[in-house]
>>> print(open('coords_2.txt').read())   # compact mmCIF, C-alpha atoms
# COMPACT_ATOMS: atom_id res chain seq x y z
CA LYS A 233 85.47 84.17 81.23
CA ALA A 234 88.30 85.93 79.42
CA GLY A 235 89.78 88.99 81.09
CA VAL A 236 90.77 92.31 79.60
CA THR A 237 93.27 91.87 76.79
CA GLN A 238 95.73 94.56 75.79
CA THR A 239 98.00 94.39 72.78
CA PRO A 240 100.82 94.70 72.25
CA ARG A 241 102.41 94.01 75.65
CA TYR A 242 105.62 95.86 74.82
CA LEU A 243 106.42 98.56 72.32
CA ILE A 244 109.48 100.64 71.51
CA LYS A 245 109.00 103.78 69.44
CA THR A 246 111.09 106.75 68.40
CA ARG A 247 110.36 110.35 69.33
CA GLY A 248 108.00 111.94 66.85
CA GLN A 249 106.33 108.71 65.81
CA GLN A 250 102.77 107.77 66.62
CA VAL A 251 101.44 104.63 68.29
CA THR A 252 98.14 102.79 68.58
CA LEU A 253 97.33 100.56 71.52
CA SER A 254 94.43 98.13 71.63
CA CYS A 255 92.15 96.95 74.42
CA SER A 256 89.52 94.20 74.29
CA PRO A 257 87.21 94.42 77.30
CA ILE A 258 85.49 91.59 79.12
CA SER A 259 82.56 90.30 77.10
CA GLY A 260 79.44 92.29 77.92
CA HIS A 261 81.32 95.26 79.37
CA ARG A 262 80.47 98.52 77.67
CA SER A 263 82.84 100.92 79.40
CA VAL A 264 86.56 101.12 78.70
CA SER A 265 88.88 103.49 80.56
CA TRP A 266 92.52 104.22 79.81
CA TYR A 267 95.23 105.12 82.30
CA GLN A 268 98.89 106.07 82.14
CA GLN A 269 101.12 104.71 84.90
CA THR A 270 104.58 106.13 85.59
CA PRO A 271 106.79 105.85 88.69
CA GLY A 272 106.71 109.60 89.21
CA GLN A 273 103.02 110.35 88.70
CA GLY A 274 101.38 107.01 89.47
CA LEU A 275 98.16 106.09 87.71
CA GLN A 276 96.56 108.95 85.82
CA PHE A 277 93.21 108.84 84.06
CA LEU A 278 93.26 109.47 80.31
CA PHE A 279 89.67 108.95 79.12
CA GLU A 280 86.63 106.72 79.28
CA TYR A 281 84.51 105.40 76.44
CA PHE A 282 81.01 104.04 76.81
CA SER A 283 78.98 102.75 73.88
CA GLU A 284 81.40 104.30 71.38
CA THR A 285 81.22 107.77 72.98
CA GLN A 286 83.90 109.48 75.02
CA ARG A 287 82.21 110.15 78.32
CA ASN A 288 85.05 111.44 80.51
CA LYS A 289 88.44 112.92 79.76
CA GLY A 290 91.49 113.53 81.93
CA ASN A 291 94.06 116.31 81.72
CA PHE A 292 96.23 115.07 78.88
CA PRO A 293 97.18 116.96 75.69
CA GLY A 294 95.31 116.44 72.45
CA ARG A 295 98.09 114.14 71.22
CA PHE A 296 96.34 111.46 73.24
CA SER A 297 93.14 110.26 71.64
CA GLY A 298 90.99 107.20 71.61
CA ARG A 299 87.98 105.53 70.16
CA GLN A 300 85.66 102.66 70.84
CA PHE A 301 84.11 100.32 68.33
CA SER A 302 80.63 98.81 68.27
CA ASN A 303 81.97 95.58 69.83
CA SER A 304 83.31 97.69 72.75
CA ARG A 305 86.94 97.15 71.77
CA SER A 306 88.92 100.33 72.22
CA GLU A 307 92.06 101.84 70.78
CA MET A 308 94.25 104.58 72.13
CA ASN A 309 96.46 106.67 69.90
CA VAL A 310 99.39 108.88 70.85
CA SER A 311 100.79 111.12 68.12
CA THR A 312 104.15 112.91 67.99
CA LEU A 313 105.61 110.80 70.76
CA GLU A 314 107.79 112.42 73.41
CA LEU A 315 110.29 110.78 75.76
CA GLY A 316 107.94 111.56 78.65
CA ASP A 317 105.24 109.38 77.12
CA SER A 318 107.20 106.30 78.16
CA ALA A 319 104.89 104.53 80.58
CA LEU A 320 102.67 101.55 81.25
CA TYR A 321 99.31 102.16 79.59
CA LEU A 322 96.48 100.32 81.27
CA CYS A 323 92.94 99.86 80.18
CA ALA A 324 90.10 98.86 82.45
CA SER A 325 86.68 97.58 81.51
CA SER A 326 83.51 97.78 83.53
CA LEU A 327 79.97 96.67 82.99
CA ALA A 328 78.15 99.97 83.02
CA GLY A 329 80.61 102.76 83.67
CA MET A 330 83.16 104.10 86.09
CA ASN A 331 80.80 103.71 89.05
CA THR A 332 80.94 99.94 88.63
CA GLU A 333 83.85 97.61 89.36
CA ALA A 334 86.76 98.00 86.96
CA PHE A 335 88.89 95.11 85.72
CA PHE A 336 92.33 96.02 84.45
CA GLY A 337 94.32 94.49 81.65
CA GLN A 338 98.02 93.68 81.96
CA GLY A 339 98.97 96.89 80.20
CA THR A 340 101.15 97.91 77.30
CA ARG A 341 104.68 98.98 78.23
CA LEU A 342 105.61 101.82 75.85
CA THR A 343 109.21 103.00 75.65
CA VAL A 344 110.00 106.09 73.61
CA VAL A 345 113.64 106.50 72.59
CA THR B 233 100.49 117.99 94.74
CA GLN B 234 99.01 114.52 94.96
CA LEU B 235 95.36 114.43 96.01
CA LEU B 236 95.86 111.10 97.72
CA GLU B 237 99.09 110.59 99.67
CA GLN B 238 100.14 107.06 100.43
CA SER B 239 102.67 106.09 103.06
CA PRO B 240 105.05 104.55 103.37
CA GLN B 241 106.25 104.56 99.79
CA PHE B 242 108.29 101.40 100.29
CA LEU B 243 108.05 98.62 102.86
CA SER B 244 110.33 95.60 103.22
CA ILE B 245 109.40 93.09 105.92
CA GLN B 246 109.81 89.47 106.95
CA GLU B 247 107.10 86.87 106.56
CA GLY B 248 104.87 86.79 109.65
CA GLU B 249 105.14 90.49 110.46
CA ASN B 250 102.19 92.87 110.58
CA LEU B 251 102.03 96.10 108.63
CA THR B 252 99.80 99.09 107.98
CA VAL B 253 99.62 101.22 104.87
CA TYR B 254 98.00 104.65 104.88
CA CYS B 255 96.12 106.69 102.33
CA ASN B 256 95.48 110.32 103.30
CA SER B 257 93.85 113.37 101.78
CA SER B 258 92.40 116.74 102.71
CA SER B 259 89.45 116.05 100.40
CA VAL B 260 86.29 114.08 101.11
CA PHE B 261 85.62 110.97 99.07
CA SER B 262 82.33 109.26 98.36
CA SER B 263 84.17 105.96 98.05
CA LEU B 264 87.66 104.64 98.26
CA GLN B 265 89.16 101.54 96.74
CA TRP B 266 92.27 99.49 97.40
CA TYR B 267 94.07 97.61 94.64
CA ARG B 268 97.06 95.30 94.55
CA GLN B 269 99.27 95.28 91.48
CA GLU B 270 101.87 92.59 90.90
CA PRO B 271 104.83 93.10 88.55
CA GLY B 272 103.80 92.83 84.91
CA GLU B 273 100.12 92.85 85.76
CA GLY B 274 97.32 95.38 86.02
CA PRO B 275 95.84 96.40 89.39
CA VAL B 276 93.29 94.03 90.95
CA LEU B 277 90.53 95.44 93.12
CA LEU B 278 90.69 94.26 96.75
CA VAL B 279 87.90 96.25 98.36
CA THR B 280 85.64 99.29 98.08
CA VAL B 281 84.64 101.28 101.18
CA VAL B 282 81.86 103.84 101.05
CA THR B 283 80.74 104.64 104.61
CA GLY B 284 82.76 106.76 107.07
CA GLY B 285 84.15 104.55 109.82
CA GLU B 286 83.57 101.41 107.79
CA VAL B 287 85.83 98.42 108.43
CA LYS B 288 86.08 95.55 105.97
CA LYS B 289 88.05 92.34 106.33
CA LEU B 290 89.40 90.15 103.57
CA LYS B 291 91.14 87.17 105.20
CA ARG B 292 94.30 88.69 106.74
CA LEU B 293 93.65 92.15 105.28
CA THR B 294 91.67 94.77 107.22
CA PHE B 295 90.56 97.98 105.51
CA GLN B 296 89.27 101.05 107.31
CA PHE B 297 87.66 104.20 105.95
CA GLY B 298 88.11 107.27 108.14
CA ASP B 299 85.09 108.77 109.87
CA ALA B 300 85.37 111.94 107.78
CA ARG B 301 85.94 109.92 104.58
CA LYS B 302 89.27 111.65 103.97
CA ASP B 303 91.60 108.78 104.73
CA SER B 304 91.91 105.03 104.77
CA SER B 305 94.24 102.34 106.02
CA LEU B 306 95.10 98.80 105.06
CA HIS B 307 96.40 96.47 107.75
CA ILE B 308 97.92 93.10 106.89
CA THR B 309 98.30 90.53 109.66
CA ALA B 310 101.04 87.91 109.47
CA ALA B 311 102.25 88.91 106.01
CA GLN B 312 103.08 86.20 103.50
CA THR B 313 105.38 86.29 100.47
CA GLY B 314 102.28 86.23 98.28
CA ASP B 315 101.32 89.65 99.66
CA THR B 316 104.26 91.20 97.79
CA GLY B 317 103.12 93.87 95.37
CA LEU B 318 102.18 97.50 94.86
CA TYR B 319 99.19 98.58 96.94
CA LEU B 320 97.20 101.44 95.44
CA CYS B 321 94.38 103.43 96.92
CA ALA B 322 91.94 105.24 94.65
CA GLY B 323 89.21 107.63 95.66
CA VAL B 324 86.15 109.12 94.00
CA LEU B 325 85.62 112.70 95.15
CA ALA B 326 82.34 113.44 96.86
CA GLY B 327 80.09 115.48 94.59
CA GLY B 328 82.37 114.95 91.61
CA SER B 329 82.37 112.65 88.63
CA TYR B 330 83.07 108.95 88.98
CA ILE B 331 86.66 109.35 87.81
CA PRO B 332 88.94 107.82 90.46
CA THR B 333 92.09 109.54 91.68
CA PHE B 334 94.93 107.19 92.49
CA GLY B 335 97.68 107.47 95.06
CA ARG B 336 101.24 106.66 93.95
CA GLY B 337 101.17 103.39 95.85
CA THR B 338 103.07 101.52 98.52
CA SER B 339 105.52 98.95 97.26
CA LEU B 340 105.56 95.99 99.66
CA ILE B 341 108.16 93.21 99.65
CA VAL B 342 107.68 90.30 102.01
CA HIS B 343 110.81 88.20 102.50
CA PRO B 344 110.61 84.48 103.36
>>> encode(input="coords_2.txt", output="structure tokens")
Amino acid sequence: KAGVTQTPRYLIKTRGQQVTLSCSPISGHRSVSWYQQTPGQGLQFLFEYFSETQRNKGNFPGRFSGRQFSNSRSEMNVSTLELGDSALYLCASSLAGMNTEAFFGQGTRLTVV
Amino acid sequence: TQLLEQSPQFLSIQEGENLTVYCNSSSVFSSLQWYRQEPGEGPVLLVTVVTGGEVKKLKRLTFQFGDARKDSSLHITAAQTGDTGLYLCAGVLAGGSYIPTFGRGTSLIVHP
């Protein structure tokens, strides 16, 4: 059974640009959550999508957005990148929502220069 | 202020030693999870505890949830080099949504 796949693994962008990250959940999982991980703040929740609807949202600015497709694949977009957006972005999939076991992908390492 | 405080932040020990990692809060959690994250990988769930006072064992790892459900500990007996990694605790607040709050983690290095 394939795990959670995130692409790309590494990304370097310039301040002011935008970026789109992709997450393919485990087959059959309908919930996808996104997290930002930095050394200073640790893992912080961005948002959760379930059946193409955003169900929960963390305390991040509107520059961070996401969506989920009918096949449960999810994308996360960050517009007008700032240096502070440099982080490991992790997605986690679960069968039925955040109250069920979450399986994390390897993450996308984003560096903003 | 971090809702979940983990200590110590860093731990460097020799193979065969025992260690304990702590996860503390002033808030009550309905459940608490422990993850291990290896470099270049995402976190992997080790255990979920839901009952105050609960103790769970996973081979050489022992997890305890505090009686008041505000804290937890992870004890590793006879550490091995394969235990090296970042140990994260994550809690779901009692009466809140299911969104977990993560601690900053304890980075463990086990030397051969």
>>> residues_around(input="coords_2.txt", residues="Leu264 in chain B", least_positions_apart="2", cutoff="6 Å", atoms="all atoms listed in the file", output="number ranges by chain")
B: 280-281, 322-323
>>> residues_around(input="coords_2.txt", residues="range 336-343 of chain B", least_positions_apart="5", cutoff="6 Å", atoms="all atoms listed in the file", output="ChimeraX atom specification")
/A:274 /B:238,241-247,313,316-320
>>> residues_around(input="coords_2.txt", residues="range 243-246 of chain A", least_positions_apart="3", cutoff="10 Å", atoms="all atoms listed in the file", output="PyMOL selection string")
chain A and resi 239-240+249-251+253+312-315+318+340-345
>>> interface_residues(input="coords_2.txt", of="chain A", to="chain B", cutoff="12 Å", atoms="all atoms listed in the file", output="PDB file with C-alpha atoms, in the frame of the given file")
ATOM      1  CA  GLY A 235      89.780  88.990  81.090  1.00  0.00           C
ATOM      2  CA  VAL A 236      90.770  92.310  79.600  1.00  0.00           C
ATOM      3  CA  THR A 237      93.270  91.870  76.790  1.00  0.00           C
ATOM      4  CA  GLN A 238      95.730  94.560  75.790  1.00  0.00           C
ATOM      5  CA  ARG A 241     102.410  94.010  75.650  1.00  0.00           C
ATOM      6  CA  TYR A 242     105.620  95.860  74.820  1.00  0.00           C
ATOM      7  CA  SER A 265      88.880 103.490  80.560  1.00  0.00           C
ATOM      8  CA  TRP A 266      92.520 104.220  79.810  1.00  0.00           C
ATOM      9  CA  TYR A 267      95.230 105.120  82.300  1.00  0.00           C
ATOM     10  CA  GLN A 268      98.890 106.070  82.140  1.00  0.00           C
ATOM     11  CA  GLN A 269     101.120 104.710  84.900  1.00  0.00           C
ATOM     12  CA  THR A 270     104.580 106.130  85.590  1.00  0.00           C
ATOM     13  CA  PRO A 271     106.790 105.850  88.690  1.00  0.00           C
ATOM     14  CA  GLY A 272     106.710 109.600  89.210  1.00  0.00           C
ATOM     15  CA  GLN A 273     103.020 110.350  88.700  1.00  0.00           C
ATOM     16  CA  GLY A 274     101.380 107.010  89.470  1.00  0.00           C
ATOM     17  CA  LEU A 275      98.160 106.090  87.710  1.00  0.00           C
ATOM     18  CA  GLN A 276      96.560 108.950  85.820  1.00  0.00           C
ATOM     19  CA  PHE A 277      93.210 108.840  84.060  1.00  0.00           C
ATOM     20  CA  LEU A 278      93.260 109.470  80.310  1.00  0.00           C
ATOM     21  CA  PHE A 279      89.670 108.950  79.120  1.00  0.00           C
ATOM     22  CA  GLU A 280      86.630 106.720  79.280  1.00  0.00           C
ATOM     23  CA  ARG A 287      82.210 110.150  78.320  1.00  0.00           C
ATOM     24  CA  ASN A 288      85.050 111.440  80.510  1.00  0.00           C
ATOM     25  CA  LYS A 289      88.440 112.920  79.760  1.00  0.00           C
ATOM     26  CA  GLY A 290      91.490 113.530  81.930  1.00  0.00           C
ATOM     27  CA  ASN A 291      94.060 116.310  81.720  1.00  0.00           C
ATOM     28  CA  LEU A 320     102.670 101.550  81.250  1.00  0.00           C
ATOM     29  CA  TYR A 321      99.310 102.160  79.590  1.00  0.00           C
ATOM     30  CA  LEU A 322      96.480 100.320  81.270  1.00  0.00           C
ATOM     31  CA  CYS A 323      92.940  99.860  80.180  1.00  0.00           C
ATOM     32  CA  ALA A 324      90.100  98.860  82.450  1.00  0.00           C
ATOM     33  CA  SER A 325      86.680  97.580  81.510  1.00  0.00           C
ATOM     34  CA  ALA A 328      78.150  99.970  83.020  1.00  0.00           C
ATOM     35  CA  GLY A 329      80.610 102.760  83.670  1.00  0.00           C
ATOM     36  CA  MET A 330      83.160 104.100  86.090  1.00  0.00           C
ATOM     37  CA  ASN A 331      80.800 103.710  89.050  1.00  0.00           C
ATOM     38  CA  THR A 332      80.940  99.940  88.630  1.00  0.00           C
ATOM     39  CA  GLU A 333      83.850  97.610  89.360  1.00  0.00           C
ATOM     40  CA  ALA A 334      86.760  98.000  86.960  1.00  0.00           C
ATOM     41  CA  PHE A 335      88.890  95.110  85.720  1.00  0.00           C
ATOM     42  CA  PHE A 336      92.330  96.020  84.450  1.00  0.00           C
ATOM     43  CA  GLY A 337      94.320  94.490  81.650  1.00  0.00           C
ATOM     44  CA  GLN A 338      98.020  93.680  81.960  1.00  0.00           C
ATOM     45  CA  GLY A 339      98.970  96.890  80.200  1.00  0.00           C
ATOM     46  CA  THR A 340     101.150  97.910  77.300  1.00  0.00           C
ATOM     47  CA  ARG A 341     104.680  98.980  78.230  1.00  0.00           C
TER      48      ARG A 341
END
>>> atom_distance(input="coords_2.txt", atom1="CA of Gln296 in chain B", atom2="CA of Gly328 in chain B")
22.1 Å
>>> atom_distance(input="coords_2.txt", atom1="CA of Gly248 in chain A", atom2="CA of Ser304 in chain A")
29.1 Å
>>> atom_distance(input="coords_2.txt", atom1="CA of Ala234 in chain A", atom2="CA of Ser256 in chain A")
9.8 Å
>>> residues_around(input="coords_2.txt", residues="Ser283 in chain A", least_positions_apart="2", cutoff="7 Å", atoms="all atoms listed in the file", output="ChimeraX atom specification")
/A:262-263,281,285,304
>>> residues_around(input="coords_2.txt", residues="range 296-301 of chain A", least_positions_apart="3", cutoff="7 Å", atoms="only C-alpha atoms", output="list in words")
Tyr281, Glu284, Phe292, Pro293, Ser304, Arg305, Ser306, Glu307, Met308, Asn309, Val310 and Ser311 of chain A
